[in-house]
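Okay, model20.csv now, which holds CSV, C-alpha atoms (C1' of nucleotides):
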```
chain,number,residue,atom,x,y,z
A,1490,MET,CA,25.2,-79.5,-97.8
A,1491,SER,CA,23.6,-76.7,-95.8
A,1492,LEU,CA,25.1,-74.4,-93.1
A,1493,HIS,CA,25.0,-75.2,-89.4
A,1494,ARG,CA,25.2,-73.2,-86.3
A,1495,ASP,CA,28.7,-74.4,-85.6
A,1496,ASP,CA,29.9,-73.1,-89.0
A,1497,VAL,CA,28.6,-69.7,-88.1
A,1498,ILE,CA,30.5,-69.7,-84.8
A,1499,ASP,CA,33.6,-71.0,-86.6
A,1500,ALA,CA,33.5,-68.2,-89.0
A,1501,ALA,CA,33.0,-65.6,-86.3
A,1502,VAL,CA,36.0,-66.9,-84.3
A,1503,GLN,CA,38.1,-66.8,-87.4
A,1504,ILE,CA,37.3,-63.2,-88.1
A,1505,LEU,CA,37.8,-62.3,-84.5
A,1506,ASP,CA,41.3,-63.9,-84.5
A,1507,ASP,CA,42.3,-62.5,-87.9
A,1508,TYR,CA,40.8,-59.0,-87.8
A,1509,GLY,CA,39.5,-58.2,-84.3
A,1510,LEU,CA,36.2,-57.4,-82.8
A,1511,GLY,CA,35.7,-54.2,-84.8
A,1512,ASP,CA,35.5,-56.2,-88.0
A,1513,LEU,CA,33.3,-58.9,-86.6
A,1514,SER,CA,30.0,-57.9,-88.3
A,1515,MET,CA,27.2,-60.2,-89.4
A,1516,ARG,CA,27.9,-59.2,-93.0
A,1517,ARG,CA,31.5,-60.2,-92.7
A,1518,VAL,CA,30.6,-63.5,-91.2
A,1519,ALA,CA,28.2,-64.1,-94.0
A,1520,ASP,CA,30.9,-63.2,-96.6
A,1521,VAL,CA,33.2,-65.9,-95.1
A,1522,LEU,CA,30.4,-68.4,-95.4
A,1523,GLU,CA,29.6,-67.3,-98.9
A,1524,VAL,CA,26.1,-66.5,-98.0
A,1525,LYS,CA,23.9,-63.4,-97.6
A,1526,ALA,CA,23.7,-61.7,-94.2
A,1527,GLY,CA,20.0,-62.6,-93.7
A,1528,ALA,CA,20.7,-66.3,-93.9
A,1529,LEU,CA,22.6,-66.2,-90.5
A,1530,TYR,CA,19.4,-65.4,-88.7
A,1531,TRP,CA,18.1,-68.9,-89.5
A,1532,HIS,CA,20.9,-70.3,-87.3
A,1533,VAL,CA,21.4,-67.6,-84.7
A,1534,ALA,CA,18.9,-65.4,-83.0
A,1535,ASN,CA,21.0,-62.3,-83.2
A,1536,LYS,CA,24.5,-60.9,-83.0
A,1537,GLN,CA,24.5,-60.9,-79.2
A,1538,THR,CA,23.7,-64.6,-79.1
A,1539,LEU,CA,26.5,-65.3,-81.6
A,1540,LEU,CA,29.0,-63.4,-79.5
A,1541,ALA,CA,28.0,-65.4,-76.5
A,1542,ALA,CA,28.6,-68.6,-78.4
A,1543,VAL,CA,32.0,-67.3,-79.4
A,1544,ALA,CA,32.7,-66.5,-75.8
A,1545,ASP,CA,31.7,-70.1,-74.8
A,1546,ARG,CA,34.1,-71.4,-77.4
A,1547,ILE,CA,36.9,-69.4,-76.0
A,1548,LEU,CA,36.1,-70.2,-72.4
A,1549,GLY,CA,36.0,-73.9,-73.3
A,1550,GLU,CA,39.7,-73.7,-74.1
A,1551,VAL,CA,40.6,-72.6,-70.6
A,1552,PRO,CA,42.4,-75.4,-68.6
A,1553,ALA,CA,40.4,-76.7,-65.7
A,1554,VAL,CA,41.6,-75.9,-62.1
A,1555,ASP,CA,44.0,-78.5,-60.8
A,1556,PRO,CA,42.6,-80.0,-57.6
A,1557,ALA,CA,45.9,-81.7,-56.7
A,1558,VAL,CA,47.8,-78.6,-55.8
A,1559,ASP,CA,47.3,-76.1,-53.0
A,1560,PRO,CA,44.6,-73.4,-53.5
A,1561,GLY,CA,47.0,-70.5,-54.0
A,1562,SER,CA,48.9,-72.3,-56.8
A,1563,ALA,CA,45.6,-73.6,-58.4
A,1564,LEU,CA,44.0,-70.2,-58.5
A,1565,SER,CA,47.1,-68.5,-59.9
A,1566,ALA,CA,47.6,-71.2,-62.5
A,1567,TRP,CA,44.0,-70.9,-63.5
A,1568,ALA,CA,44.4,-67.1,-63.9
A,1569,HIS,CA,47.4,-67.5,-66.0
A,1570,GLY,CA,45.7,-70.2,-68.1
A,1571,LEU,CA,42.7,-67.9,-68.7
A,1572,ARG,CA,45.1,-65.0,-69.7
A,1573,GLY,CA,46.8,-67.3,-72.2
A,1574,VAL,CA,43.6,-68.3,-73.9
A,1575,LEU,CA,42.4,-64.7,-74.0
A,1576,LEU,CA,45.6,-63.5,-75.5
A,1577,ALA,CA,45.3,-66.1,-78.2
A,1578,HIS,CA,42.0,-64.5,-79.4
A,1579,ARG,CA,42.1,-60.9,-80.4
A,1580,ASP,CA,39.9,-58.5,-78.3
A,1581,SER,CA,38.5,-61.5,-76.5
A,1582,ALA,CA,38.7,-60.1,-73.0
A,1583,ASP,CA,36.2,-57.4,-73.8
A,1584,LEU,CA,34.0,-59.8,-75.7
A,1585,VAL,CA,34.0,-62.5,-72.9
A,1586,ALA,CA,33.3,-59.9,-70.2
A,1587,THR,CA,30.2,-58.5,-71.9
A,1588,ALA,CA,29.0,-61.9,-73.0
A,1589,LEU,CA,29.3,-63.2,-69.5
A,1590,ALA,CA,27.3,-60.2,-68.2
A,1591,SER,CA,24.6,-60.7,-70.8
A,1592,GLY,CA,23.7,-64.0,-69.2
A,1593,LEU,CA,23.6,-65.7,-72.7
A,1594,CYS,CA,26.8,-67.8,-72.1
A,1595,ARG,CA,26.4,-71.4,-71.2
A,1596,ALA,CA,29.9,-71.4,-69.5
A,1597,ASP,CA,30.2,-70.1,-66.0
A,1598,PRO,CA,33.8,-69.9,-64.8
A,1599,LEU,CA,32.8,-69.2,-61.2
A,1600,VAL,CA,31.3,-72.7,-60.6
A,1601,ARG,CA,34.7,-74.3,-61.2
A,1602,LEU,CA,36.5,-71.6,-59.2
A,1603,ALA,CA,34.4,-71.1,-56.1
A,1604,PRO,CA,35.1,-74.6,-54.6
A,1605,VAL,CA,38.8,-73.8,-54.5
A,1606,PHE,CA,38.1,-71.2,-51.9
A,1607,GLY,CA,36.5,-73.9,-49.7
A,1608,GLY,CA,33.3,-73.6,-47.8
A,1609,ALA,CA,35.2,-72.0,-44.8
A,1610,ALA,CA,33.9,-68.5,-45.4
A,1611,GLY,CA,30.6,-69.6,-46.9
A,1612,ALA,CA,29.5,-70.2,-50.5
A,1613,LYS,CA,28.6,-66.5,-51.0
A,1614,VAL,CA,32.0,-65.3,-50.1
A,1615,ALA,CA,33.6,-68.0,-52.2
A,1616,ARG,CA,31.6,-66.6,-55.2
A,1617,TRP,CA,32.7,-63.1,-54.4
A,1618,SER,CA,36.3,-64.2,-54.3
A,1619,SER,CA,36.0,-66.0,-57.6
A,1620,GLY,CA,34.3,-63.0,-59.1
A,1621,ALA,CA,37.1,-60.7,-58.0
A,1622,LEU,CA,39.7,-62.9,-59.5
A,1623,LEU,CA,37.8,-63.1,-62.8
A,1624,ASP,CA,37.3,-59.4,-62.8
A,1625,LEU,CA,41.0,-58.7,-62.4
A,1626,VAL,CA,42.0,-61.1,-65.1
A,1627,LEU,CA,39.4,-59.8,-67.6
A,1628,GLY,CA,40.2,-56.2,-66.7
A,1629,ALA,CA,44.0,-56.7,-67.0
A,1630,VAL,CA,43.8,-58.6,-70.3
A,1631,ALA,CA,41.3,-56.2,-71.7
A,1632,ARG,CA,43.8,-53.4,-71.0
A,1633,GLU,CA,46.6,-55.3,-72.6
A,1634,GLN,CA,44.5,-56.1,-75.7
A,1635,ASN,CA,43.2,-52.6,-76.1
A,1636,ALA,CA,46.7,-51.1,-75.7
A,1637,LEU,CA,47.8,-53.5,-78.4
A,1638,LEU,CA,44.9,-52.5,-80.6
A,1639,PHE,CA,45.8,-48.8,-80.5
A,1640,ALA,CA,49.6,-49.5,-80.7
A,1641,GLN,CA,49.0,-51.3,-84.0
A,1642,LEU,CA,47.1,-48.2,-85.2
A,1643,GLY,CA,50.3,-46.2,-84.4
A,1644,LYS,CA,48.5,-44.1,-81.7
A,1645,SER,CA,50.9,-45.1,-79.0
A,1646,VAL,CA,54.0,-47.2,-78.2
A,1647,ALA,CA,53.7,-51.0,-77.7
A,1648,ALA,CA,54.5,-52.1,-74.1
A,1649,ASP,CA,57.2,-54.7,-73.4
A,1650,SER,CA,55.4,-58.1,-73.3
A,1651,GLY,CA,57.6,-59.4,-70.6
A,1652,ASP,CA,56.8,-56.5,-68.4
A,1653,GLN,CA,53.1,-57.0,-69.0
A,1654,ALA,CA,53.3,-60.6,-68.0
A,1655,ARG,CA,55.2,-59.6,-64.8
A,1656,ALA,CA,52.7,-56.9,-64.0
A,1657,PHE,CA,49.8,-59.4,-64.5
A,1658,SER,CA,51.5,-61.9,-62.2
A,1659,HIS,CA,52.1,-59.3,-59.6
A,1660,GLY,CA,48.4,-58.4,-59.4
A,1661,VAL,CA,47.2,-61.9,-59.5
A,1662,GLU,CA,49.5,-63.2,-56.8
A,1663,ALA,CA,48.6,-60.3,-54.5
A,1664,LEU,CA,44.8,-60.8,-55.0
A,1665,VAL,CA,45.0,-64.6,-54.5
A,1666,ARG,CA,47.1,-64.0,-51.4
A,1667,GLY,CA,44.7,-61.4,-50.0
A,1668,LEU,CA,41.6,-63.5,-50.8
A,1669,LEU,CA,42.9,-66.6,-49.1
A,1670,ALA,CA,44.0,-64.6,-46.1
A,1671,ALA,CA,40.6,-63.1,-45.8
A,1672,ASP,CA,39.1,-66.6,-45.9
A,1673,LEU,CA,41.4,-67.6,-43.0
A,1674,ASP,CA,40.1,-64.6,-41.0
A,1675,VAL,CA,36.6,-65.8,-41.3
A,1676,LYS,CA,37.4,-69.4,-40.4
A,1677,GLU,CA,38.8,-68.5,-37.0
B,1329,MET,CA,26.8,-17.7,-80.5
B,1330,SER,CA,28.7,-20.6,-81.9
B,1331,LEU,CA,29.3,-24.1,-80.6
B,1332,HIS,CA,32.4,-24.9,-78.5
B,1333,ARG,CA,34.3,-28.1,-77.8
B,1334,ASP,CA,32.9,-28.2,-74.2
B,1335,ASP,CA,29.4,-28.1,-75.5
B,1336,VAL,CA,30.0,-31.2,-77.5
B,1337,ILE,CA,31.4,-33.0,-74.5
B,1338,ASP,CA,28.5,-31.8,-72.4
B,1339,ALA,CA,26.0,-33.2,-74.8
B,1340,ALA,CA,27.9,-36.5,-75.1
B,1341,VAL,CA,27.9,-36.9,-71.3
B,1342,GLN,CA,24.2,-36.1,-71.2
B,1343,ILE,CA,23.4,-38.8,-73.7
B,1344,LEU,CA,25.6,-41.3,-71.9
B,1345,ASP,CA,24.0,-40.7,-68.6
B,1346,ASP,CA,20.4,-40.7,-69.9
B,1347,TYR,CA,20.5,-43.4,-72.6
B,1348,GLY,CA,23.8,-45.3,-72.3
B,1349,LEU,CA,26.8,-45.9,-74.5
B,1350,GLY,CA,24.8,-47.7,-77.2
B,1351,ASP,CA,22.9,-44.5,-78.0
B,1352,LEU,CA,25.9,-42.3,-77.9
B,1353,SER,CA,26.4,-41.7,-81.6
B,1354,MET,CA,27.7,-38.6,-83.3
B,1355,ARG,CA,24.3,-38.0,-84.9
B,1356,ARG,CA,22.6,-38.1,-81.5
B,1357,VAL,CA,25.1,-35.7,-80.1
B,1358,ALA,CA,24.5,-33.4,-83.1
B,1359,ASP,CA,20.7,-33.7,-82.5
B,1360,VAL,CA,21.0,-32.5,-78.9
B,1361,LEU,CA,23.0,-29.5,-80.0
B,1362,GLU,CA,20.5,-28.8,-82.8
B,1363,VAL,CA,23.2,-29.1,-85.5
B,1364,LYS,CA,24.1,-31.4,-88.3
B,1365,ALA,CA,26.5,-34.3,-87.6
B,1366,GLY,CA,29.2,-33.0,-89.9
B,1367,ALA,CA,29.5,-29.8,-87.8
B,1368,LEU,CA,30.9,-31.8,-84.8
B,1369,TYR,CA,34.1,-32.5,-86.8
B,1370,TRP,CA,35.0,-28.9,-86.6
B,1371,HIS,CA,35.3,-29.2,-82.8
B,1372,VAL,CA,36.4,-32.8,-82.4
B,1373,ALA,CA,38.8,-34.9,-84.5
B,1374,ASN,CA,36.6,-38.0,-84.3
B,1375,LYS,CA,34.4,-40.1,-82.1
B,1376,GLN,CA,37.3,-41.8,-80.3
B,1377,THR,CA,38.7,-38.4,-79.2
B,1378,LEU,CA,35.3,-37.3,-78.0
B,1379,LEU,CA,35.0,-40.5,-75.9
B,1380,ALA,CA,38.4,-39.8,-74.5
B,1381,ALA,CA,37.3,-36.3,-73.5
B,1382,VAL,CA,34.2,-37.8,-71.9
B,1383,ALA,CA,36.4,-40.2,-70.0
B,1384,ASP,CA,38.5,-37.3,-68.8
B,1385,ARG,CA,35.4,-35.5,-67.6
B,1386,ILE,CA,34.3,-38.5,-65.6
B,1387,LEU,CA,37.8,-39.2,-64.2
B,1388,GLY,CA,38.0,-35.6,-63.0
B,1389,GLU,CA,35.1,-36.3,-60.6
B,1390,VAL,CA,37.0,-38.9,-58.8
B,1391,PRO,CA,38.1,-37.7,-55.3
B,1392,ALA,CA,41.9,-37.5,-54.9
B,1393,VAL,CA,43.7,-39.9,-52.7
B,1394,ASP,CA,43.9,-38.8,-49.1
B,1395,PRO,CA,47.6,-38.6,-48.0
B,1396,ALA,CA,46.6,-38.2,-44.3
B,1397,VAL,CA,45.5,-41.7,-43.8
B,1398,ASP,CA,47.3,-45.0,-43.9
B,1399,PRO,CA,48.0,-46.5,-47.4
B,1400,GLY,CA,45.5,-49.4,-47.0
B,1401,SER,CA,42.6,-47.0,-46.1
B,1402,ALA,CA,43.7,-44.5,-48.8
B,1403,LEU,CA,43.7,-47.1,-51.5
B,1404,SER,CA,40.4,-48.6,-50.5
B,1405,ALA,CA,38.8,-45.2,-50.2
B,1406,TRP,CA,40.1,-44.3,-53.7
B,1407,ALA,CA,38.7,-47.5,-55.2
B,1408,HIS,CA,35.3,-46.9,-53.6
B,1409,GLY,CA,35.4,-43.3,-54.8
B,1410,LEU,CA,36.1,-44.3,-58.3
B,1411,ARG,CA,33.3,-46.9,-58.2
B,1412,GLY,CA,30.9,-44.3,-57.0
B,1413,VAL,CA,31.7,-41.9,-59.9
B,1414,LEU,CA,31.6,-44.7,-62.5
B,1415,LEU,CA,28.2,-45.9,-61.2
B,1416,ALA,CA,26.9,-42.3,-61.6
B,1417,HIS,CA,27.6,-42.4,-65.4
B,1418,ARG,CA,25.9,-45.2,-67.3
B,1419,ASP,CA,28.3,-47.7,-69.0
B,1420,SER,CA,31.2,-45.5,-68.0
B,1421,ALA,CA,33.5,-48.4,-66.8
B,1422,ASP,CA,33.8,-49.8,-70.3
B,1423,LEU,CA,34.2,-46.4,-71.8
B,1424,VAL,CA,36.9,-45.3,-69.4
B,1425,ALA,CA,38.8,-48.6,-69.8
B,1426,THR,CA,39.0,-48.3,-73.5
B,1427,ALA,CA,39.6,-44.6,-73.5
B,1428,LEU,CA,42.5,-45.0,-71.1
B,1429,ALA,CA,44.0,-47.8,-73.3
B,1430,SER,CA,43.7,-45.5,-76.3
B,1431,GLY,CA,46.2,-43.1,-75.0
B,1432,LEU,CA,43.9,-40.2,-75.9
B,1433,CYS,CA,43.1,-39.3,-72.3
B,1434,ARG,CA,44.8,-36.5,-70.5
B,1435,ALA,CA,44.0,-38.0,-67.1
B,1436,ASP,CA,46.2,-40.8,-65.8
B,1437,PRO,CA,44.9,-42.3,-62.5
B,1438,LEU,CA,48.1,-44.1,-61.9
B,1439,VAL,CA,50.3,-41.1,-61.2
B,1440,ARG,CA,48.1,-40.2,-58.2
B,1441,LEU,CA,48.0,-43.8,-57.0
B,1442,ALA,CA,51.5,-45.1,-57.4
B,1443,PRO,CA,53.1,-42.9,-54.7
B,1444,VAL,CA,50.7,-44.4,-52.1
B,1445,PHE,CA,52.6,-47.7,-52.5
B,1446,GLY,CA,55.8,-45.9,-51.6
B,1447,GLY,CA,59.1,-46.3,-53.3
B,1448,ALA,CA,60.0,-49.4,-51.1
B,1449,ALA,CA,59.5,-51.9,-53.9
B,1450,GLY,CA,60.6,-49.6,-56.7
B,1451,ALA,CA,58.6,-47.2,-59.0
B,1452,LYS,CA,57.9,-50.0,-61.5
B,1453,VAL,CA,56.3,-52.3,-58.9
B,1454,ALA,CA,54.3,-49.3,-57.6
B,1455,ARG,CA,52.9,-48.8,-61.1
B,1456,TRP,CA,52.1,-52.5,-61.4
B,1457,SER,CA,50.2,-52.4,-58.1
B,1458,SER,CA,48.3,-49.3,-59.1
B,1459,GLY,CA,47.4,-50.8,-62.4
B,1460,ALA,CA,46.1,-54.0,-60.8
B,1461,LEU,CA,43.8,-52.0,-58.5
B,1462,LEU,CA,42.6,-49.9,-61.4
B,1463,ASP,CA,42.0,-53.1,-63.5
B,1464,LEU,CA,40.0,-54.7,-60.7
B,1465,VAL,CA,37.8,-51.7,-60.2
B,1466,LEU,CA,37.2,-51.2,-63.9
B,1467,GLY,CA,36.6,-54.9,-64.4
B,1468,ALA,CA,34.2,-55.2,-61.4
B,1469,VAL,CA,32.2,-52.0,-62.2
B,1470,ALA,CA,32.0,-53.0,-65.9
B,1471,ARG,CA,30.5,-56.2,-64.9
B,1472,GLU,CA,28.0,-54.5,-62.6
B,1473,GLN,CA,27.0,-52.0,-65.3
B,1474,ASN,CA,26.7,-54.6,-68.1
B,1475,ALA,CA,24.6,-56.8,-65.8
B,1476,LEU,CA,22.4,-53.8,-65.2
B,1477,LEU,CA,22.2,-53.1,-68.9
B,1478,PHE,CA,20.9,-56.6,-69.7
B,1479,ALA,CA,18.7,-56.7,-66.6
B,1480,GLN,CA,16.9,-53.6,-67.9
B,1481,LEU,CA,16.4,-55.4,-71.2
B,1482,GLY,CA,14.6,-58.2,-69.3
B,1483,LYS,CA,17.3,-60.7,-70.2
B,1484,SER,CA,18.2,-61.6,-66.7
B,1485,VAL,CA,17.4,-60.8,-63.0
B,1486,ALA,CA,18.8,-57.7,-61.4
B,1487,ALA,CA,21.4,-58.4,-58.7
B,1488,ASP,CA,20.9,-57.1,-55.2
B,1489,SER,CA,22.8,-53.8,-55.0
B,1490,GLY,CA,23.9,-54.3,-51.4
B,1491,ASP,CA,25.4,-57.6,-52.3
B,1492,GLN,CA,27.2,-56.1,-55.2
B,1493,ALA,CA,28.7,-53.4,-53.0
B,1494,ARG,CA,29.9,-56.0,-50.5
B,1495,ALA,CA,31.4,-58.2,-53.2
B,1496,PHE,CA,33.2,-55.2,-54.5
B,1497,SER,CA,34.6,-54.4,-51.1
B,1498,HIS,CA,35.6,-58.0,-50.6
B,1499,GLY,CA,37.8,-58.0,-53.7
B,1500,VAL,CA,39.2,-54.5,-53.2
B,1501,GLU,CA,40.2,-55.2,-49.5
B,1502,ALA,CA,41.8,-58.4,-50.5
B,1503,LEU,CA,43.8,-56.9,-53.3
B,1504,VAL,CA,44.9,-53.9,-51.3
B,1505,ARG,CA,46.0,-56.2,-48.5
B,1506,GLY,CA,47.9,-58.5,-50.8
B,1507,LEU,CA,49.6,-55.6,-52.7
B,1508,LEU,CA,50.8,-54.0,-49.5
B,1509,ALA,CA,52.0,-57.3,-48.1
B,1510,ALA,CA,53.9,-57.9,-51.3
B,1511,ASP,CA,55.6,-54.5,-50.9
B,1512,LEU,CA,56.7,-55.4,-47.4
B,1513,ASP,CA,58.3,-58.6,-48.7
B,1514,VAL,CA,60.4,-56.6,-51.1
B,1515,LYS,CA,61.4,-54.1,-48.5
B,1516,GLU,CA,62.9,-56.7,-46.2
C,124,DA,C1',35.4,-19.3,-88.6
C,125,DC,C1',31.8,-22.3,-88.5
C,126,DC,C1',28.0,-24.9,-90.4
C,127,DT,C1',24.9,-27.4,-94.1
C,128,DG,C1',23.9,-30.8,-97.7
C,129,DA,C1',24.9,-34.6,-99.6
C,130,DA,C1',27.3,-38.3,-100.3
C,131,DC,C1',30.2,-42.8,-99.3
C,132,DA,C1',30.8,-47.1,-97.3
C,133,DC,C1',29.2,-49.3,-93.9
C,134,DC,C1',25.9,-51.5,-89.8
C,135,DG,C1',21.9,-55.2,-87.5
C,136,DT,C1',17.6,-56.9,-88.5
C,137,DT,C1',13.3,-58.3,-90.9
C,138,DC,C1',10.6,-60.8,-94.1
C,139,DA,C1',8.2,-61.9,-98.4
C,140,DA,C1',9.5,-64.7,-101.9
C,141,DG,C1',11.9,-68.4,-103.9
C,142,DT,C1',13.8,-73.5,-104.0
D,536,DA,C1',14.2,-76.5,-94.2
D,537,DC,C1',17.1,-73.1,-95.7
D,538,DC,C1',18.4,-69.1,-98.4
D,539,DT,C1',18.0,-64.6,-101.4
D,540,DG,C1',16.6,-59.9,-102.5
D,541,DA,C1',15.4,-56.0,-101.0
D,542,DA,C1',14.3,-53.0,-97.8
D,543,DC,C1',14.4,-50.1,-93.1
D,544,DA,C1',16.5,-47.4,-89.9
D,545,DC,C1',20.6,-46.6,-88.6
D,546,DC,C1',26.2,-45.7,-88.3
D,547,DG,C1',31.2,-42.6,-88.7
D,548,DT,C1',33.4,-39.6,-91.7
D,549,DT,C1',34.5,-36.4,-95.6
D,550,DC,C1',34.1,-32.3,-98.0
D,551,DA,C1',32.5,-28.9,-101.4
D,552,DA,C1',29.7,-25.2,-100.9
D,553,DG,C1',27.5,-21.7,-98.3
D,554,DT,C1',27.5,-17.6,-94.7
```
Encoding of this model in structure tokens:
Amino acid sequence: MSLHRDDVIDAAVQILDDYGLGDLSMRRVADVLEVKAGALYWHVANKQTLLAAVADRILGEVPAVDPAVDPGSALSAWAHGLRGVLLAHRDSADLVATALASGLCRADPLVRLAPVFGGAAGAKVARWSSGALLDLVLGAVAREQNALLFAQLGKSVAADSGDQARAFSHGVEALVRGLLAADLDVKE
Amino acid sequence: MSLHRDDVIDAAVQILDDYGLGDLSMRRVADVLEVKAGALYWHVANKQTLLAAVADRILGEVPAVDPAVDPGSALSAWAHGLRGVLLAHRDSADLVATALASGLCRADPLVRLAPVFGGAAGAKVARWSSGALLDLVLGAVAREQNALLFAQLGKSVAADSGDQARAFSHGVEALVRGLLAADLDVKE
DNA sequence: ACCTGAACACCGTTCAAGT
DNA sequence: ACCTGAACACCGTTCAAGT
């Protein structure tokens, strides 16, 4: 039985979860699959593409926005859901952020998010709002994960995880509130 | 005349500005200084420390918060100021974000920012608010810069820079508004 | 005090050659 | 179709040895 693209992505996710982004090299992925590094390039164009596929895997785990609740709750629940998934995969915030920017991801979180803001302020503003929420979540979780990374290296003290969660909530609630208020301004 | 620590940082900033983070290697820095790579380790502990020093350089260019204006304007002006400085140094948002998380930076943007939120909601909440604003700015500019990076590689289309500025403003105004409103809630 | 030379253990990627 | 072997042009870091 020969290797398939999904096996390569599986192995990459496994290394990411167990050892972090710094150890996620093509050679390490090849080792896990008991194959030589060059073989990977039959299944994957390059490392960048592989990382985008990993990002797609991770983004696929994010719970969809709930259309049954009010916009404020739906957006905040989505943000917390995304944070949860990111925290489950080491260094994933950085990875997802750059993968999304690369344009190589299939997933686009904004298409699910923008409709929640309604068409009141226009589709463009809805995308801006979604983008801001995504930026805040990725930025905040990236900081949490990087701090964790350096804490494990003994370079600094680990922050209290309850405090980090409260700080995250604080920022997300404020942004969601401000974004929805801005939308109301435009509607009038 | 022998090399000094500042010369090493200068060279690093120059490479960052001219060629980006991907080309910022110890060997390239050494080349610019017409010296062998090993020599750098006399002036700098390692690459991580050098990157933190570069981040400090960049953060030093950020205009201080203006205490004369109202909090909302001061915070939004600071955010735009930070964005301007980051955009002037290629890939700097990513670099600054990880450098800050490493705990190796001397600069701490939050100490200047937290007082603007006032003690109304407590010092801890003020730090959370400052952190959220910093996360949003770093996240948003990182996305802009990464998109630019991949656009230059011909992988995707470059976004309109006016639109990016408006999107940034939209997010920042909303967050600032929401954070200040949350502070008021606590004060009552 | 400050730098070179040379090594060590790595990278991503390519590609002829094998099966 | 799928993989190996071997190479190419790189990395960060260390450290004896030079001046």
Quick one: residues within 10 Å of stretch 129-141 of chain C, only C-alpha atoms (C1' of nucleotides), excluding same-chain residues fewer than 4 positions away - as a PDB file with C-alpha atoms (C1' of nucleotides), keeping the file's coordinate frame?
```pdb
ATOM      1  CA  SER A1514      30.000 -57.900 -88.300  1.00  0.00           C
ATOM      2  CA  MET A1515      27.200 -60.200 -89.400  1.00  0.00           C
ATOM      3  CA  ARG A1516      27.900 -59.200 -93.000  1.00  0.00           C
ATOM      4  CA  ALA A1526      23.700 -61.700 -94.200  1.00  0.00           C
ATOM      5  CA  GLY A1527      20.000 -62.600 -93.700  1.00  0.00           C
ATOM      6  CA  TYR A1530      19.400 -65.400 -88.700  1.00  0.00           C
ATOM      7  CA  ASN A1535      21.000 -62.300 -83.200  1.00  0.00           C
ATOM      8  CA  LYS A1536      24.500 -60.900 -83.000  1.00  0.00           C
TER       9      LYS A1536
ATOM     10  C1'  DC D 538      18.400 -69.100 -98.400  1.00  0.00           C
ATOM     11  C1'  DT D 539      18.000 -64.600-101.400  1.00  0.00           C
ATOM     12  C1'  DG D 540      16.600 -59.900-102.500  1.00  0.00           C
ATOM     13  C1'  DA D 541      15.400 -56.000-101.000  1.00  0.00           C
ATOM     14  C1'  DA D 542      14.300 -53.000 -97.800  1.00  0.00           C
ATOM     15  C1'  DC D 543      14.400 -50.100 -93.100  1.00  0.00           C
ATOM     16  C1'  DA D 544      16.500 -47.400 -89.900  1.00  0.00           C
ATOM     17  C1'  DC D 545      20.600 -46.600 -88.600  1.00  0.00           C
ATOM     18  C1'  DC D 546      26.200 -45.700 -88.300  1.00  0.00           C
ATOM     19  C1'  DG D 547      31.200 -42.600 -88.700  1.00  0.00           C
ATOM     20  C1'  DT D 548      33.400 -39.600 -91.700  1.00  0.00           C
ATOM     21  C1'  DT D 549      34.500 -36.400 -95.600  1.00  0.00           C
ATOM     22  C1'  DC D 550      34.100 -32.300 -98.000  1.00  0.00           C
ATOM     23  C1'  DA D 551      32.500 -28.900-101.400  1.00  0.00           C
TER      24       DA D 551
END
```
Quick one: residues within 6 Å of (43.0, -60.2, -70.9) (file frame), counting only C-alpha atoms (C1' of nucleotides), please, as a list in words.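 Every residue inside that radius is included here: Arg1572, Leu1575, Ala1582, Val1626, Leu1627, Ala1629, Val1630 and Ala1631 of chain A.
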If we draw a sphere of 12 Å around (38.1, -62.5, -85.2), which residues have at least one atom in it when counting only C-alpha atoms (C1' of nucleotides)? Please report them as a PyMOL selection string. chain A and resi 1498-1515+1517-1518+1521+1540+1543-1544+1547+1577-1581+1584
For the selection you just gave me, I'd like the residues written to a file as a short mmCIF file (atom, residue, chain, number, x, y, z; two decimals), in the coordinates of the input, keeping C-alpha atoms.
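Full text of again-v3.cif as output:
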```cif
data_model
loop_
_atom_site.label_atom_id
_atom_site.label_comp_id
_atom_site.auth_asym_id
_atom_site.auth_seq_id
_atom_site.Cartn_x
_atom_site.Cartn_y
_atom_site.Cartn_z
CA ILE A 1498 30.50 -69.70 -84.80
CA ASP A 1499 33.60 -71.00 -86.60
CA ALA A 1500 33.50 -68.20 -89.00
CA ALA A 1501 33.00 -65.60 -86.30
CA VAL A 1502 36.00 -66.90 -84.30
CA GLN A 1503 38.10 -66.80 -87.40
CA ILE A 1504 37.30 -63.20 -88.10
CA LEU A 1505 37.80 -62.30 -84.50
CA ASP A 1506 41.30 -63.90 -84.50
CA ASP A 1507 42.30 -62.50 -87.90
CA TYR A 1508 40.80 -59.00 -87.80
CA GLY A 1509 39.50 -58.20 -84.30
CA LEU A 1510 36.20 -57.40 -82.80
CA GLY A 1511 35.70 -54.20 -84.80
CA ASP A 1512 35.50 -56.20 -88.00
CA LEU A 1513 33.30 -58.90 -86.60
CA SER A 1514 30.00 -57.90 -88.30
CA MET A 1515 27.20 -60.20 -89.40
CA ARG A 1517 31.50 -60.20 -92.70
CA VAL A 1518 30.60 -63.50 -91.20
CA VAL A 1521 33.20 -65.90 -95.10
CA LEU A 1540 29.00 -63.40 -79.50
CA VAL A 1543 32.00 -67.30 -79.40
CA ALA A 1544 32.70 -66.50 -75.80
CA ILE A 1547 36.90 -69.40 -76.00
CA ALA A 1577 45.30 -66.10 -78.20
CA HIS A 1578 42.00 -64.50 -79.40
CA ARG A 1579 42.10 -60.90 -80.40
CA ASP A 1580 39.90 -58.50 -78.30
CA SER A 1581 38.50 -61.50 -76.50
CA LEU A 1584 34.00 -59.80 -75.70
#
```
What does the distance from atom CA of B:Ala1479 to atom CA of A:Arg1595 come to in Å, to one decimal? 17.2 Å
